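Chemist: This is start.txt (compact mmCIF, C-alpha atoms and all ligand atoms).
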# COMPACT_ATOMS: atom_id res chain seq x y z
CA MET Y 9 140.73 362.53 23.25
CA LYS Y 10 140.10 358.86 24.11
CA GLU Y 11 137.61 356.70 22.17
CA SER Y 12 135.74 356.13 25.44
CA ASP Y 13 135.14 359.90 25.65
CA ILE Y 14 133.31 359.76 22.31
CA TYR Y 15 131.38 356.50 22.41
CA PRO Y 16 129.24 355.18 25.26
CA THR Y 17 130.70 352.15 27.03
CA ILE Y 18 129.14 349.27 28.95
CA ASP Y 19 130.02 347.31 32.10
CA ILE Y 20 128.89 343.88 31.01
CA ASN Y 21 129.09 342.51 34.57
CA THR Y 22 126.27 344.78 35.71
CA TYR Y 23 124.30 344.81 32.44
CA GLN Y 24 120.68 343.70 32.57
CA LYS Y 25 117.54 344.84 30.82
CA GLU Y 26 113.83 344.23 31.27
CA ALA Y 27 111.60 344.07 28.20
CA THR Y 28 108.06 343.16 27.17
CA LEU Y 29 107.44 341.01 24.10
CA LYS Y 30 104.65 341.62 21.57
CA ASP Y 31 102.35 339.17 23.42
CA GLY Y 32 102.91 340.86 26.78
CA THR Y 33 105.48 338.34 28.09
CA LYS Y 34 107.91 340.08 30.43
CA ILE Y 35 111.52 339.00 30.16
CA LEU Y 36 114.91 339.86 31.55
CA LEU Y 37 118.06 340.02 29.44
CA ARG Y 38 121.40 339.49 31.19
CA PRO Y 39 124.76 337.79 30.62
CA MET Y 40 125.04 334.10 31.43
CA VAL Y 41 126.64 333.23 34.78
CA ALA Y 42 127.99 329.87 35.96
CA GLU Y 43 124.80 329.16 37.93
CA ASP Y 44 122.80 329.12 34.66
CA GLN Y 45 124.34 325.79 33.69
CA ASP Y 46 121.30 323.60 34.45
CA ALA Y 47 118.78 326.06 33.00
CA LEU Y 48 120.85 326.35 29.82
CA TYR Y 49 120.98 322.58 29.50
CA GLU Y 50 117.17 322.47 29.87
CA PHE Y 51 116.86 325.16 27.20
CA PHE Y 52 119.01 323.19 24.76
CA GLN Y 53 117.09 319.98 25.50
CA ALA Y 54 113.93 321.72 24.23
CA ILE Y 55 115.48 322.57 20.86
CA PRO Y 56 113.55 320.78 18.10
CA ARG Y 57 115.44 318.20 16.10
CA GLU Y 58 115.05 320.15 12.86
CA ASP Y 59 116.83 323.16 14.40
CA ALA Y 60 119.50 321.11 16.16
CA ARG Y 61 120.55 319.67 12.80
CA TYR Y 62 122.24 322.93 11.87
CA LEU Y 63 123.95 323.74 15.14
CA ARG Y 64 127.71 324.11 15.32
CA ASP Y 65 128.01 322.39 18.68
CA ASP Y 66 126.59 319.24 20.19
CA ILE Y 67 124.34 321.01 22.67
CA SER Y 68 122.85 317.70 23.80
CA SER Y 69 126.13 317.17 25.66
CA ARG Y 70 125.86 318.10 29.33
CA HIS Y 71 129.64 318.03 29.46
CA LEU Y 72 129.85 320.81 26.84
CA VAL Y 73 127.38 323.02 28.70
CA GLU Y 74 129.31 322.42 31.96
CA LYS Y 75 132.52 323.43 30.20
CA TRP Y 76 130.92 326.66 28.90
CA ALA Y 77 129.63 327.52 32.38
CA LYS Y 78 133.01 326.85 34.00
CA LYS Y 79 135.04 328.77 31.46
CA LEU Y 80 132.94 331.89 31.01
CA ASP Y 81 135.10 334.59 29.43
CA TYR Y 82 132.95 337.48 28.20
CA ALA Y 83 135.86 338.96 26.24
CA LYS Y 84 135.82 335.85 24.06
CA THR Y 85 132.23 334.63 24.13
CA LEU Y 86 129.51 336.84 25.54
CA PRO Y 87 126.24 334.91 26.03
CA ILE Y 88 123.18 337.07 26.66
CA LEU Y 89 120.22 335.12 28.02
CA ALA Y 90 116.52 335.94 27.86
CA ILE Y 91 114.91 334.79 31.11
CA LYS Y 92 111.24 334.30 31.92
CA ASP Y 93 110.29 333.08 35.40
CA ASP Y 94 113.78 331.62 36.00
CA ALA Y 95 113.69 329.68 32.70
CA ILE Y 96 115.91 330.53 29.74
CA ILE Y 97 113.86 331.24 26.62
CA GLY Y 98 116.55 332.78 24.42
CA ASP Y 99 120.31 332.67 24.03
CA ALA Y 100 122.34 335.12 21.95
CA THR Y 101 126.12 335.24 21.77
CA ILE Y 102 128.87 337.49 20.46
CA ASN Y 103 132.16 335.75 19.78
CA ARG Y 104 135.34 337.78 19.51
CA ARG Y 105 139.06 337.35 19.01
CA ARG Y 106 141.28 339.46 21.19
CA PHE Y 107 144.16 339.77 18.71
CA GLY Y 108 144.86 339.62 15.02
CA TRP Y 109 143.09 340.59 11.86
CA LYS Y 110 139.62 339.82 13.17
CA HIS Y 111 139.92 341.54 16.57
CA HIS Y 112 137.43 344.25 15.50
CA LEU Y 113 134.74 341.74 14.47
CA GLY Y 114 132.04 339.93 16.39
CA THR Y 115 130.33 336.76 15.25
CA VAL Y 116 126.79 336.42 16.53
CA ARG Y 117 124.35 333.59 17.09
CA VAL Y 118 120.78 333.78 18.31
CA PHE Y 119 118.48 331.02 19.44
CA VAL Y 120 114.90 331.45 20.64
CA HIS Y 121 112.88 328.75 22.40
CA LYS Y 122 110.32 327.31 19.97
CA GLU Y 123 107.37 328.32 22.18
CA TYR Y 124 108.46 331.98 22.27
CA ARG Y 125 109.04 332.59 18.58
CA ASP Y 126 107.35 335.19 16.36
CA VAL Y 127 106.69 337.60 19.24
CA GLY Y 128 109.76 339.74 18.61
CA LEU Y 129 112.28 338.11 20.98
CA GLY Y 130 114.73 337.28 18.16
CA HIS Y 131 114.58 340.84 16.89
CA LEU Y 132 114.95 342.26 20.39
CA MET Y 133 118.00 340.10 21.13
CA ILE Y 134 119.66 340.97 17.82
CA ASP Y 135 119.10 344.69 18.48
CA GLU Y 136 120.51 344.27 21.96
CA LEU Y 137 123.61 342.46 20.63
CA VAL Y 138 124.17 345.34 18.21
CA ASP Y 139 123.90 347.91 21.02
CA ILE Y 140 126.25 345.93 23.28
CA ALA Y 141 128.72 345.42 20.40
CA TYR Y 142 128.70 349.17 19.74
CA LYS Y 143 129.50 349.90 23.37
CA LEU Y 144 132.22 347.24 23.42
CA GLY Y 145 133.97 348.86 20.46
CA ILE Y 146 133.18 346.11 17.93
CA GLU Y 147 133.16 347.52 14.40
CA LYS Y 148 131.26 344.86 12.46
CA LEU Y 149 128.98 341.98 13.35
CA ILE Y 150 128.76 338.85 11.24
CA VAL Y 151 126.26 336.01 11.24
CA GLU Y 152 126.22 332.75 9.30
CA ILE Y 153 122.72 331.43 8.66
CA PRO Y 154 121.66 328.17 7.00
CA GLU Y 155 120.11 329.20 3.65
CA LEU Y 156 116.75 327.59 4.46
CA SER Y 157 116.31 329.52 7.73
CA THR Y 158 114.14 332.22 6.21
CA ALA Y 159 112.88 333.44 9.61
CA ALA Y 160 116.47 334.04 10.74
CA ILE Y 161 117.44 335.83 7.51
CA HIS Y 162 114.31 337.97 7.87
CA ALA Y 163 115.03 338.79 11.53
CA PHE Y 164 118.65 339.82 10.83
CA ASN Y 165 117.57 341.79 7.78
CA ARG Y 166 115.12 343.78 9.87
CA ALA Y 167 117.92 344.56 12.33
CA GLY Y 168 119.97 346.12 9.52
CA PHE Y 169 122.21 343.21 8.59
CA TYR Y 170 122.92 342.90 4.88
CA ARG Y 171 123.80 339.85 2.82
CA VAL Y 172 127.52 339.74 1.92
CA ALA Y 173 127.91 336.18 0.65
CA GLU Y 174 126.18 332.94 -0.09
CA ILE Y 175 128.36 329.88 0.15
CA PRO Y 176 126.75 326.78 -1.36
CA ASN Y 177 127.20 323.46 0.45
CA MET Y 178 129.47 325.02 3.05
CA VAL Y 179 128.47 323.00 6.10
CA LYS Y 180 126.99 319.58 6.77
CA ASP Y 181 123.92 318.89 8.88
CA ARG Y 182 123.67 316.07 11.41
CA GLU Y 183 122.69 313.68 8.61
CA ASN Y 184 125.86 314.67 6.76
CA MET Y 185 123.90 316.50 4.07
CA PRO Y 186 125.51 319.65 2.62
CA VAL Y 187 123.84 322.95 3.52
CA GLY Y 188 124.45 326.38 2.02
CA ILE Y 189 125.23 329.34 4.27
CA VAL Y 190 124.14 332.96 3.95
CA VAL Y 191 126.67 335.36 5.49
CA MET Y 192 125.19 338.63 6.74
CA MET Y 193 126.97 341.62 8.23
CA LYS Y 194 126.22 344.85 10.01
CA ASP Y 195 128.51 347.86 10.34
CA VAL Y 196 128.24 348.78 13.99
CA ARG Y 197 130.61 351.73 14.25
CA PRO Y 198 133.44 353.34 12.28
CA ALA Y 199 136.91 351.82 12.24
CA HIS Y 200 139.01 352.56 15.32
CA ASP Y 201 141.36 355.50 14.77
CA ASP Y 202 144.55 355.31 16.88
CA ALA Y 203 144.74 359.12 16.85
CA TYR Y 204 141.92 359.14 19.42
CA ASP Y 205 144.22 357.45 21.93
CA TYR Y 206 146.28 360.62 22.30
CA ASP Y 207 145.43 363.80 24.10
CA PHE Y 208 146.35 366.73 21.91
C1 LIG Y 301 115.76 333.13 13.96
C2 LIG Y 301 115.08 333.21 15.31
C3 LIG Y 301 116.13 333.60 16.35
C4 LIG Y 301 113.99 334.29 15.25
O1 LIG Y 301 113.43 334.39 16.53
P1 LIG Y 301 111.97 335.00 16.76
O2 LIG Y 301 111.85 335.33 18.21
O3 LIG Y 301 110.93 334.14 16.18
O4 LIG Y 301 112.13 336.35 15.92
P2 LIG Y 301 111.10 337.56 15.76
O5 LIG Y 301 109.78 337.19 16.34
O6 LIG Y 301 111.76 338.79 16.29
O7 LIG Y 301 111.07 337.75 14.19
C5 LIG Y 301 110.90 336.70 13.32
C6 LIG Y 301 110.44 337.28 12.01
O8 LIG Y 301 110.53 336.26 11.02
C7 LIG Y 301 109.24 336.10 10.43
N1 LIG Y 301 109.14 334.72 10.03
C8 LIG Y 301 108.81 333.64 10.77
N2 LIG Y 301 108.84 332.53 10.02
C9 LIG Y 301 109.22 332.93 8.77
C10 LIG Y 301 109.45 332.26 7.55
N3 LIG Y 301 109.32 330.94 7.45
N4 LIG Y 301 109.82 332.98 6.46
C11 LIG Y 301 109.99 334.33 6.54
N5 LIG Y 301 109.81 335.02 7.69
C12 LIG Y 301 109.42 334.32 8.78
C13 LIG Y 301 108.26 336.52 11.49
O9 LIG Y 301 107.03 336.88 10.94
C14 LIG Y 301 108.99 337.73 12.06
O10 LIG Y 301 108.86 338.82 11.15
P3 LIG Y 301 108.48 340.30 11.62
O11 LIG Y 301 109.60 340.74 12.54
O12 LIG Y 301 108.49 341.10 10.35
O13 LIG Y 301 107.18 340.21 12.31
C15 LIG Y 301 114.40 331.86 15.70
O14 LIG Y 301 113.57 331.45 14.64
C16 LIG Y 301 115.39 330.76 15.99
O15 LIG Y 301 115.85 330.63 17.12
N6 LIG Y 301 115.73 329.92 14.96
C17 LIG Y 301 116.66 328.84 15.10
C18 LIG Y 301 118.09 329.32 15.26
C19 LIG Y 301 118.57 330.15 14.09
O16 LIG Y 301 118.30 329.87 12.94
N7 LIG Y 301 119.34 331.22 14.45
C20 LIG Y 301 119.88 332.16 13.48
C21 LIG Y 301 121.23 331.84 13.02
S1 LIG Y 301 122.43 332.13 14.24
Could I get this file's structure written as structure tokens?
Ligand SMILES: CC(C)(COP(=O)(O)OP(=O)(O)OC[C@H]1O[C@@H](n2cnc3c(N)ncnc32)[C@H](O)[C@@H]1OP(=O)(O)O)[C@@H](O)C(=O)NCCC(=O)NCCS
Modeler:
Amino acid sequence: MKESDIYPTIDINTYQKEATLKDGTKILLRPMVAEDQDALYEFFQAIPREDARYLRDDISSRHLVEKWAKKLDYAKTLPILAIKDDAIIGDATINRRRFGWKHHLGTVRVFVHKEYRDVGLGHLMIDELVDIAYKLGIEKLIVEIPELSTAAIHAFNRAGFYRVAEIPNMVKDRENMPVGIVVMMKDVRPAHDDAYDYDF
């Protein structure tokens, strides 16, 4: 019996989901497409300085956003956007490696527009990433969170992620100050068993 006969699967190219936030805001979740380039740039422009300090990438660079839009490869980076009235209000990604010792893992990131926080969008997007990861065959999800981001730690905790490590002074913020990282993980589905690939 094949794994796909046991677990539900997903066609990410046709995936989309409507949802209503706690305050009644209606949103659409769907994967990013190349045409989202300008809206994504706008979304990043609205990120407050204090949040941007901890970001991995220089999202103020239009060139970087253009590159992401041009080189979309969902098997490597899957960006799920939350859209309200054609504007992006949330961005959540799963990063994967196709080969090697980490091929069964997904690394996630979630970012919610400042004006739409605390109404459950973060939680919704994390839950959705978990569901998509499950259907994609990812076994574990990992997130690295700056230790001071209590809201993020809380949101991932509520979605069933547990703390596996705390690494003091691991990264540096934009002012070159060391920042500790909390690593959280969630077991999404059991390890792949090759035996399922054969029909007995
Ligand atoms: C983390 C983040 C995605 C959460 O988004 P959100 O839409 O506000 O999330 P939710 O509304 O679903 O949940 C936030 C929870 O944190 C709680 N919270 C908010 N501020 C908090 C704080 N300072 N300390 C503790 N909890 C806090 C809220 O009350 C809410 O709890 P509840 O679910 O029990 O009601 C958002 O704050 C964000 O984009 N932060 C910057 C990027 C980031 O740090 N990403 C995570 C690492 S990849």
Chemist: For ligand LIG 301 (chain Y), collect every residue having any atom at a distance of at most 9 Å from a ligand atom (counting only C-alpha atoms and all ligand atoms); output as number ranges by chain.
Modeler: Y: 29-30, 55, 59-60, 62-63, 98-101, 116-122, 124-134, 151-154, 156-164, 166
Chemist: Please report the interatomic distance between atom CA of Y:Lys194 and atom CA of Y:Phe169 in Å with one decimal.
Modeler: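 These two atoms are separated by 4.6 Å.
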Chemist: May I have the centre and edge lengths, in Å to one decimal, of an axis-aligned box around the listed atoms of stretch 61-68 of chain Y with 6 Å added to every side, as AutoDock Vina command-line options?
Modeler:
--center_x 124.3 --center_y 320.9 --center_z 17.8 --size_x 19.5 --size_y 18.4 --size_z 23.9
Chemist: Quick one: of Y:Asp195, Y:Asp44, Y:Glu50, Y:Glu58, who's nearest to Y:His112, counting all atoms listed in the file?
Modeler: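 The answer is Y:Asp195, which sits nearest to Y:His112.
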Chemist: Quote the spacing between atom CA of Y:Ala141 and atom CA of Y:Phe107 in Å to one decimal place.
Modeler: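 Atom CA of Y:Phe107 lies at a distance of 16.5 Å from atom CA of Y:Ala141.
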Chemist: Hey, which of Y:Ala83, Y:Met178, Y:Ala54, Y:Ile91 ends up closest to Y:Glu123? Count only C-alpha atoms.
Modeler: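 Of Y:Ala83, Y:Met178, Y:Ala54, Y:Ile91, the one nearest Y:Glu123, counting only C-alpha atoms, is Y:Ala54.
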Chemist: Around the point (127.9, 337.6, 33.9) (coordinates from the file), which residues reach within 12 Å if we count only C-alpha atoms? Answer as a VMD selection string.
Modeler: chain Y and resid 19 to 24 37 to 44 77 to 83 85 to 89
Chemist: Mind checking which residues fall within 12 Å of Y:Lys84, counting only C-alpha atoms, ignoring those fewer than 6 positions away in the same chain, and posting them as a list in words?
Modeler: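 Residues meeting the cut-off are Trp76, Thr101, Ile102, Asn103, Arg104, Arg105, Arg106, Phe107, His111, Leu113, Gly114, Thr115, Val116 and Leu144 of chain Y.
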Chemist: Restrict the selected residues to C-alpha atoms and save them as an mmCIF file, in the frame of the given file.
Modeler:
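Below is the file that was written, selection_36.cif:
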data_model
loop_
_atom_site.group_PDB
_atom_site.id
_atom_site.type_symbol
_atom_site.label_atom_id
_atom_site.label_comp_id
_atom_site.auth_asym_id
_atom_site.auth_seq_id
_atom_site.Cartn_x
_atom_site.Cartn_y
_atom_site.Cartn_z
ATOM 1 C CA TRP Y 76 130.920 326.660 28.900
ATOM 2 C CA THR Y 101 126.120 335.240 21.770
ATOM 3 C CA ILE Y 102 128.870 337.490 20.460
ATOM 4 C CA ASN Y 103 132.160 335.750 19.780
ATOM 5 C CA ARG Y 104 135.340 337.780 19.510
ATOM 6 C CA ARG Y 105 139.060 337.350 19.010
ATOM 7 C CA ARG Y 106 141.280 339.460 21.190
ATOM 8 C CA PHE Y 107 144.160 339.770 18.710
ATOM 9 C CA HIS Y 111 139.920 341.540 16.570
ATOM 10 C CA LEU Y 113 134.740 341.740 14.470
ATOM 11 C CA GLY Y 114 132.040 339.930 16.390
ATOM 12 C CA THR Y 115 130.330 336.760 15.250
ATOM 13 C CA VAL Y 116 126.790 336.420 16.530
ATOM 14 C CA LEU Y 144 132.220 347.240 23.420
#
Chemist: Using all atoms listed in the file for the distances, tell me which of Y:Asn165, Y:Ser69, Y:Asn177, Y:Thr17 is nearest to Y:Asp46.
Modeler: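 Result for the nearest residue to Y:Asp46: Y:Ser69.
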Chemist: Just how far from atom CA of Y:Arg57 is atom CA of Y:Gly168, in Å to one decimal?
Modeler: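 Interatomic distance, atom CA of Y:Gly168 to atom CA of Y:Arg57: 29.0 Å.
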Chemist: Name the closest residue to Y:Glu26 among the candidates Y:Ala90, Y:Val196, Y:Ile175, Y:Ala95; distances are taken between atoms, counting only C-alpha atoms.
Modeler: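 Closest to Y:Glu26, using only C-alpha atoms: Y:Ala90.
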Chemist: Restricting the calculation to all atoms listed in the file: of Y:Lys110, Y:Gln45, Y:Ile96, Y:Ile14, which residue gets closest to Y:Lys75?
Modeler: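 Closest to Y:Lys75 of all the choices is Y:Gln45.
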